[in-house]
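Raw contents of start.cif, mmCIF, C-alpha atoms and all ligand atoms:
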data_upload
#
loop_
_atom_site.label_atom_id
_atom_site.label_comp_id
_atom_site.auth_asym_id
_atom_site.auth_seq_id
_atom_site.Cartn_x
_atom_site.Cartn_y
_atom_site.Cartn_z
CA MET A 814 -5.04 -3.98 -21.54
CA ALA A 815 -3.73 -4.90 -18.07
CA VAL A 816 -5.39 -3.29 -15.06
CA GLY A 817 -3.74 -2.26 -11.80
CA VAL A 818 -5.67 -1.44 -8.63
CA VAL A 819 -4.09 0.76 -5.94
CA THR A 820 -5.76 1.36 -2.58
CA GLY A 821 -5.15 4.82 -1.13
CA GLY A 822 -4.00 6.06 -4.53
CA ASN A 823 -5.18 9.66 -4.26
CA ARG A 824 -2.01 10.89 -2.53
CA GLY A 825 1.40 9.97 -1.15
CA ILE A 826 3.02 6.65 -2.06
CA GLY A 827 -0.20 5.30 -3.59
CA LYS A 828 -0.36 8.22 -6.01
CA ALA A 829 3.26 7.64 -7.09
CA ILE A 830 2.42 3.96 -7.69
CA ALA A 831 -0.67 4.91 -9.72
CA VAL A 832 1.46 7.27 -11.86
CA MET A 833 4.11 4.56 -12.34
CA LEU A 834 1.43 2.05 -13.44
CA VAL A 835 -0.28 4.33 -15.94
CA LYS A 836 3.07 5.37 -17.42
CA ASN A 837 3.80 1.66 -17.90
CA GLY A 838 0.63 1.09 -19.90
CA TYR A 839 -1.77 -0.10 -17.19
CA ASP A 840 -5.37 0.96 -16.89
CA VAL A 841 -5.36 2.26 -13.32
CA VAL A 842 -8.11 2.04 -10.76
CA PHE A 843 -7.29 3.73 -7.48
CA THR A 844 -9.32 4.13 -4.33
CA TYR A 845 -9.51 6.75 -1.62
CA ARG A 846 -11.37 7.06 1.69
CA SER A 847 -12.11 10.77 2.11
CA GLY A 848 -9.77 12.83 -0.05
CA GLU A 849 -12.07 13.33 -3.03
CA LYS A 850 -10.42 16.58 -4.19
CA GLU A 851 -6.99 14.90 -4.24
CA ALA A 852 -8.53 11.90 -6.04
CA MET A 853 -9.88 14.19 -8.78
CA GLU A 854 -6.53 15.96 -9.12
CA THR A 855 -4.65 12.65 -9.25
CA ALA A 856 -7.04 11.27 -11.88
CA GLU A 857 -6.50 14.39 -13.99
CA GLN A 858 -2.74 13.83 -13.80
CA LEU A 859 -3.12 10.13 -14.71
CA HIS A 860 -5.32 10.98 -17.70
CA GLN A 861 -2.31 12.69 -19.32
CA TYR A 862 -0.76 9.24 -19.71
CA GLY A 863 -3.67 6.80 -20.08
CA ASN A 864 -6.85 5.40 -18.58
CA ALA A 865 -7.67 5.88 -14.91
CA GLU A 866 -10.70 5.83 -12.67
CA PHE A 867 -11.21 6.10 -8.93
CA HIS A 868 -13.63 4.79 -6.33
CA LYS A 869 -14.41 5.84 -2.79
CA MET A 870 -13.77 2.76 -0.66
CA ASP A 871 -13.06 2.36 3.04
CA VAL A 872 -10.79 -0.70 3.31
CA THR A 873 -12.23 -1.48 6.75
CA ASN A 874 -15.75 -1.99 5.36
CA TRP A 875 -15.90 -5.55 3.97
CA GLU A 876 -19.22 -5.05 2.11
CA GLU A 877 -17.91 -1.90 0.41
CA VAL A 878 -14.61 -3.61 -0.45
CA LYS A 879 -16.40 -6.66 -1.92
CA LYS A 880 -18.75 -4.49 -4.00
CA THR A 881 -15.92 -2.30 -5.31
CA PHE A 882 -13.74 -5.25 -6.36
CA ASP A 883 -16.72 -6.99 -8.00
CA ASN A 884 -17.40 -3.82 -9.99
CA ILE A 885 -13.76 -3.49 -11.04
CA GLY A 886 -13.32 -7.22 -11.76
CA ASN A 887 -16.50 -7.44 -13.84
CA LYS A 888 -15.69 -4.30 -15.82
CA TYR A 889 -12.09 -5.27 -16.69
CA GLY A 890 -12.52 -9.06 -16.67
CA GLY A 891 -9.66 -9.56 -14.22
CA ILE A 892 -7.13 -7.78 -12.03
CA ASP A 893 -3.45 -7.96 -13.08
CA VAL A 894 -1.93 -6.01 -10.18
CA LEU A 895 -3.32 -5.29 -6.72
CA VAL A 896 -1.33 -2.87 -4.58
CA ASN A 897 -2.56 -2.80 -0.99
CA ASN A 898 -1.18 0.58 -0.03
CA ALA A 899 -3.84 2.33 2.11
CA GLY A 900 -2.66 2.86 5.66
CA ILE A 901 -2.63 5.12 8.70
CA VAL A 902 -0.55 5.85 11.77
CA GLY A 903 -2.33 6.10 15.10
CA LYS A 904 -2.87 9.27 17.10
CA TYR A 905 -0.54 8.19 19.92
CA THR A 906 2.72 6.29 20.00
CA SER A 907 3.43 4.78 23.43
CA LEU A 908 1.90 1.82 25.25
CA ASN A 909 0.68 4.19 27.96
CA THR A 910 -1.14 6.51 25.62
CA ILE A 911 -2.36 4.31 22.76
CA THR A 912 -6.09 3.89 23.39
CA ILE A 913 -7.97 0.66 22.70
CA GLU A 914 -9.85 2.50 19.92
CA ASP A 915 -6.56 3.69 18.40
CA TRP A 916 -5.13 0.14 18.51
CA GLN A 917 -8.24 -1.32 16.87
CA LYS A 918 -8.39 1.38 14.18
CA VAL A 919 -4.76 0.94 13.12
CA ILE A 920 -5.07 -2.85 13.00
CA GLU A 921 -8.37 -2.60 11.13
CA VAL A 922 -7.05 -0.26 8.40
CA ASN A 923 -3.49 -1.54 8.00
CA LEU A 924 -4.01 -5.27 8.52
CA SER A 925 -7.68 -6.26 8.14
CA GLY A 926 -7.92 -3.88 5.16
CA VAL A 927 -5.19 -5.81 3.35
CA PHE A 928 -6.92 -9.12 4.12
CA TYR A 929 -10.32 -7.83 2.91
CA CYS A 930 -8.88 -6.49 -0.36
CA CYS A 931 -6.95 -9.70 -1.10
CA LYS A 932 -10.06 -11.77 -0.37
CA ALA A 933 -12.36 -9.62 -2.52
CA ALA A 934 -9.88 -9.44 -5.42
CA LEU A 935 -9.03 -13.16 -5.47
CA PRO A 936 -11.47 -14.36 -8.19
CA TYR A 937 -10.29 -11.58 -10.51
CA LEU A 938 -6.60 -12.10 -9.70
CA ILE A 939 -7.05 -15.80 -10.56
CA LYS A 940 -8.61 -14.85 -13.92
CA ALA A 941 -5.67 -12.60 -14.83
CA LYS A 942 -2.91 -14.64 -13.07
CA GLY A 943 -2.22 -11.34 -11.35
CA CYS A 944 0.08 -10.34 -8.53
CA ILE A 945 -0.29 -8.65 -5.14
CA ILE A 946 2.05 -6.10 -3.59
CA ASN A 947 1.41 -5.21 0.05
CA MET A 948 2.76 -2.08 1.72
CA SER A 949 4.53 -3.05 4.93
CA SER A 950 7.14 -0.88 6.67
CA ILE A 951 10.52 -1.03 8.34
CA ALA A 952 8.42 -0.74 11.52
CA GLY A 953 6.99 -4.20 10.80
CA LYS A 954 10.49 -5.67 10.96
CA GLU A 955 12.14 -3.74 13.77
CA GLY A 956 9.43 -1.74 15.60
CA GLY A 957 9.93 1.98 15.81
CA SER A 958 8.77 5.33 17.08
CA ILE A 959 5.27 5.22 15.54
CA GLY A 960 4.08 2.71 18.13
CA ALA A 961 3.26 -0.92 18.81
CA HIS A 962 -0.06 -0.81 16.95
CA TYR A 963 1.56 0.39 13.72
CA ALA A 964 4.50 -2.04 14.03
CA ALA A 965 2.16 -4.97 14.76
CA SER A 966 -0.07 -4.12 11.80
CA LYS A 967 2.90 -3.94 9.44
CA ALA A 968 4.41 -7.18 10.80
CA GLY A 969 0.99 -8.73 10.18
CA VAL A 970 1.14 -7.57 6.57
CA ILE A 971 4.40 -9.51 6.20
CA GLY A 972 2.65 -12.59 7.63
CA ILE A 973 -0.23 -12.26 5.15
CA THR A 974 2.31 -11.83 2.34
CA PHE A 975 4.22 -15.02 3.19
CA SER A 976 1.06 -17.04 3.74
CA LEU A 977 -0.66 -15.95 0.51
CA ALA A 978 2.55 -16.32 -1.52
CA LYS A 979 2.53 -20.02 -0.58
CA GLU A 980 -1.23 -20.48 -0.92
CA LEU A 981 -1.79 -18.65 -4.22
CA ALA A 982 1.27 -19.84 -6.16
CA LYS A 983 -0.85 -22.69 -7.56
CA TYR A 984 -2.88 -20.07 -9.46
CA GLY A 985 0.26 -18.38 -10.80
CA ILE A 986 -0.35 -15.47 -8.40
CA ARG A 987 2.75 -13.92 -6.84
CA VAL A 988 2.52 -12.07 -3.53
CA ASN A 989 5.22 -9.69 -2.30
CA ALA A 990 5.62 -6.77 0.06
CA VAL A 991 7.63 -3.57 0.24
CA ALA A 992 9.04 -2.43 3.58
CA PRO A 993 9.96 1.25 3.22
CA GLY A 994 11.82 3.33 5.75
CA PRO A 995 10.45 6.87 6.14
CA VAL A 996 9.00 8.41 2.98
CA ASP A 997 8.27 12.04 2.19
CA THR A 998 4.44 12.09 2.35
CA GLY A 999 1.79 13.60 4.59
CA LEU A 1000 1.82 10.51 6.82
CA LEU A 1001 4.70 11.87 8.93
CA SER A 1002 5.07 15.32 10.46
CA GLU A 1003 7.92 17.54 9.22
CA GLU A 1004 9.53 17.31 12.67
CA ILE A 1005 9.58 13.50 12.59
CA LYS A 1006 10.90 13.50 8.99
CA GLU A 1007 13.84 15.70 10.08
CA LYS A 1008 14.71 13.28 12.89
CA LEU A 1009 14.29 10.14 10.79
CA LYS A 1010 16.53 11.26 7.94
CA GLU A 1011 19.51 11.11 10.29
CA LEU A 1012 18.99 7.33 10.69
CA SER A 1013 19.90 6.57 7.08
CA PRO A 1014 23.55 6.59 5.93
CA LEU A 1015 22.23 8.60 2.95
CA LYS A 1016 20.90 11.23 5.40
CA ARG A 1017 17.57 11.64 3.70
CA ILE A 1018 14.18 9.96 3.58
CA ALA A 1019 12.75 8.30 0.47
CA LYS A 1020 10.76 9.96 -2.29
CA PRO A 1021 7.40 8.27 -3.02
CA GLU A 1022 8.63 7.55 -6.57
CA GLU A 1023 11.46 5.43 -5.14
CA ILE A 1024 8.89 3.18 -3.46
CA ALA A 1025 6.87 3.01 -6.70
CA HIS A 1026 10.06 1.88 -8.45
CA ALA A 1027 10.36 -1.04 -6.00
CA VAL A 1028 6.73 -1.96 -6.72
CA LYS A 1029 7.53 -1.94 -10.45
CA PHE A 1030 10.36 -4.42 -9.88
CA LEU A 1031 8.08 -6.75 -7.91
CA ILE A 1032 5.43 -6.61 -10.64
CA GLU A 1033 7.87 -7.26 -13.46
CA ASN A 1034 10.14 -9.99 -12.08
CA GLU A 1035 8.14 -13.18 -12.53
CA TYR A 1036 10.40 -15.29 -10.33
CA VAL A 1037 9.98 -13.24 -7.16
CA THR A 1038 7.32 -14.23 -4.65
CA GLY A 1039 7.12 -14.24 -0.85
CA GLU A 1040 9.65 -11.40 -0.78
CA VAL A 1041 9.72 -8.36 1.50
CA LEU A 1042 11.77 -5.72 -0.28
CA ASP A 1043 13.55 -3.25 2.01
CA ILE A 1044 13.79 0.30 0.68
CA ASN A 1045 15.37 2.26 3.50
CA GLY A 1046 18.52 4.06 2.37
CA GLY A 1047 20.88 1.55 3.95
CA ARG A 1048 19.42 1.42 7.46
CA TYR A 1049 20.44 -2.23 7.92
CA MET A 1050 24.16 -1.70 7.33
CA ASP A 1051 25.03 -0.74 10.91
N1 LIG B 1 5.26 7.60 4.60
C1 LIG B 1 6.07 6.74 5.21
O1 LIG B 1 7.06 7.12 5.83
C2 LIG B 1 5.78 5.26 5.13
C3 LIG B 1 6.82 4.36 5.48
C4 LIG B 1 6.58 2.99 5.42
C5 LIG B 1 5.35 2.53 5.02
N2 LIG B 1 4.36 3.42 4.69
C6 LIG B 1 3.06 2.88 4.29
O2 LIG B 1 2.78 3.27 2.96
C7 LIG B 1 1.37 3.39 2.79
C8 LIG B 1 1.04 4.76 2.19
O3 LIG B 1 1.51 5.74 3.08
P1 LIG B 1 1.64 7.28 2.69
O4 LIG B 1 2.87 7.74 3.35
O5 LIG B 1 1.46 7.48 1.25
O6 LIG B 1 0.40 7.86 3.53
P2 LIG B 1 -0.63 9.04 3.21
O7 LIG B 1 -0.03 10.06 2.33
O8 LIG B 1 -1.15 9.44 4.55
O9 LIG B 1 -1.79 8.29 2.39
C9 LIG B 1 -2.55 7.29 3.01
C10 LIG B 1 -3.56 6.78 2.02
O10 LIG B 1 -4.35 5.74 2.65
C11 LIG B 1 -5.72 6.05 2.47
N3 LIG B 1 -6.51 5.53 3.57
C12 LIG B 1 -6.35 5.78 4.90
N4 LIG B 1 -7.29 5.13 5.62
C13 LIG B 1 -8.07 4.48 4.73
C14 LIG B 1 -9.21 3.63 4.83
N5 LIG B 1 -9.77 3.35 6.02
N6 LIG B 1 -9.74 3.12 3.70
C15 LIG B 1 -9.20 3.41 2.49
N7 LIG B 1 -8.13 4.20 2.31
C16 LIG B 1 -7.57 4.72 3.42
C17 LIG B 1 -5.79 7.56 2.38
O11 LIG B 1 -7.00 7.98 1.76
P3 LIG B 1 -7.64 9.45 2.09
O12 LIG B 1 -6.64 10.46 1.60
O13 LIG B 1 -8.90 9.48 1.30
O14 LIG B 1 -7.82 9.48 3.57
C18 LIG B 1 -4.54 7.85 1.56
O15 LIG B 1 -4.81 7.65 0.19
C19 LIG B 1 0.75 3.13 4.15
O16 LIG B 1 0.34 1.79 4.24
C20 LIG B 1 1.89 3.40 5.11
O17 LIG B 1 1.76 2.72 6.33
C21 LIG B 1 4.56 4.77 4.72
#

Whole structure given in structure tokens:
Amino acid sequence: MAVGVVTGGNRGIGKAIAVMLVKNGYDVVFTYRSGEKEAMETAEQLHQYGNAEFHKMDVTNWEEVKKTFDNIGNKYGGIDVLVNNAGIVGKYTSLNTITIEDWQKVIEVNLSGVFYCCKAALPYLIKAKGCIINMSSIAGKEGGSIGAHYAASKAGVIGITFSLAKELAKYGIRVNAVAPGPVDTGLLSEEIKEKLKELSPLKRIAKPEEIAHAVKFLIENEYVTGEVLDINGGRYMD
């Protein structure tokens, strides 16, 4: 049985990806940082379709990340799919107000976290000839209202994706990213969602399941690597 690991899978986009994976026959391992109640509820939902387990893991803590991936890799013998989804927005959005702590936190979670998870999962991805999907954002390609720290972290995720796609191809490992526009999750306030939906010609933001669908494509198409897939309701047409 193939195994898929999703970071930040207890809610939002990560949860939709976990549901997509289990419905497609994967054993699913998802992680969370603090939302244990949501993790239990998500696991209950996943168990309707197949096998799932969850681990508490802070992606910014290298030792914890290494230990968690060793546990998963040893239990399942390999990792077929790694989805680096966990992410945050900062408290503030402008250069004037973003604190040094806020900058470091966003970079640590959104960028270093992806690096740590890829590094810890590598031996198990090699065993399974697995693939990696990293969650970037439209902000990583064109900046945006969430702030320079968020945009820089998501542009960095694209850099990691390109670099690892070249480096890991020799193991048969493909590495891709998804760059969503705004998605209907708890990451954005209702006020911001209302504003952002006007930017798309479709006049709405994405559903988490529509991002999971893009992840499914990147898992299944064996000739796609080093790709950043835009899912943004036509934002680039103007
Ligand atoms: N929503 C959007 O509009 C949008 C658009 C483009 C890209 N994205 C990206 O998509 C990803 C998922 O976003 P979302 O909208 O689903 O957000 P969300 O609903 O706020 O979920 C974020 C997830 O990340 C986890 N997480 C946060 N900090 C963590 C840490 N230090 N260690 C481990 N896990 C951590 C959270 O776990 P806990 O619940 O336990 O805290 C939660 O599972 C993020 O990378 C985000 O940047 C989102």

Return the single residue from A:Tyr889, A:Tyr1036, A:Tyr929, A:Tyr1049 that is closest to ligand LIG 1 (chain B), with distances computed using all atoms listed in the file.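 Of A:Tyr889, A:Tyr1036, A:Tyr929, A:Tyr1049, the one nearest ligand LIG 1 (chain B) is A:Tyr929, counting all atoms listed in the file.
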
Pick from A:Ser950, A:Asn1045, A:Asn923, A:Asn837: nearest to Asp871 in chain A, with all atoms listed in the file counted?
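Answer, going by the shortest atom-to-atom distance: A:Asn923.
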
Original post:
ligand LIG 1 (chain B): which residues are within 6 Å, counting all atoms listed in the file, as a PyMOL selection string?
Top reply: chain A and resi 821-827+845-848+870-873+898-901+922+948-950+993-1000

Quiz item: If we count only C-alpha atoms, what is near Thr881 in chain A at a cut-off of 8 Å, once residues fewer than 4 positions away on the same chain are taken out, given as JSON, numbers by chain?
Solution: {"A": [868, 870, 877, 885]}

Could you turn the residues from that selection into a file that holds C-alpha atoms, as a PDB file, in the frame of the given file?
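New file result_29.pdb:
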ATOM      1  CA  HIS A 868     -13.630   4.790  -6.330  1.00  0.00           C
ATOM      2  CA  MET A 870     -13.770   2.760  -0.660  1.00  0.00           C
ATOM      3  CA  GLU A 877     -17.910  -1.900   0.410  1.00  0.00           C
ATOM      4  CA  ILE A 885     -13.760  -3.490 -11.040  1.00  0.00           C
TER       5      ILE A 885
END

Note to self: Just want the 12 Å neighbourhood of Lys932 in chain A, counted on only C-alpha atoms, with same-chain residues fewer than 4 positions away dropped. Output as a list in words.
What the structure shows: Val872, Trp875, Glu876, Val878, Lys879, Lys880, Phe882, Asp883, Leu895, Asn897, Ser925, Gly926, Val927, Phe928, Pro936, Tyr937, Leu938, Ile939, Ile945, Ile973, Leu977 and Leu981 of chain A

From CA of Ser976 in chain A to CA of Glu1035 in chain A the spacing works out at 18.2 Å

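Comparing A:Ala852, A:Leu935, A:Val816, A:Ala964 by their smallest distance to Gly838 in chain A, the closest is A:Val816 (using all atoms listed in the file).
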
Excluding same-chain residues fewer than 2 positions from Asp915 in chain A, what lies within 9 Å of it counting only C-alpha atoms, as a short mmCIF file (atom, residue, chain, number, x, y, z; two decimals) with C-alpha atoms, in the frame of the given file?
data_model
loop_
_atom_site.label_atom_id
_atom_site.label_comp_id
_atom_site.auth_asym_id
_atom_site.auth_seq_id
_atom_site.Cartn_x
_atom_site.Cartn_y
_atom_site.Cartn_z
CA GLY A 903 -2.33 6.10 15.10
CA LYS A 904 -2.87 9.27 17.10
CA TYR A 905 -0.54 8.19 19.92
CA ILE A 911 -2.36 4.31 22.76
CA THR A 912 -6.09 3.89 23.39
CA ILE A 913 -7.97 0.66 22.70
CA GLN A 917 -8.24 -1.32 16.87
CA LYS A 918 -8.39 1.38 14.18
CA VAL A 919 -4.76 0.94 13.12
CA ILE A 920 -5.07 -2.85 13.00
CA HIS A 962 -0.06 -0.81 16.95
#
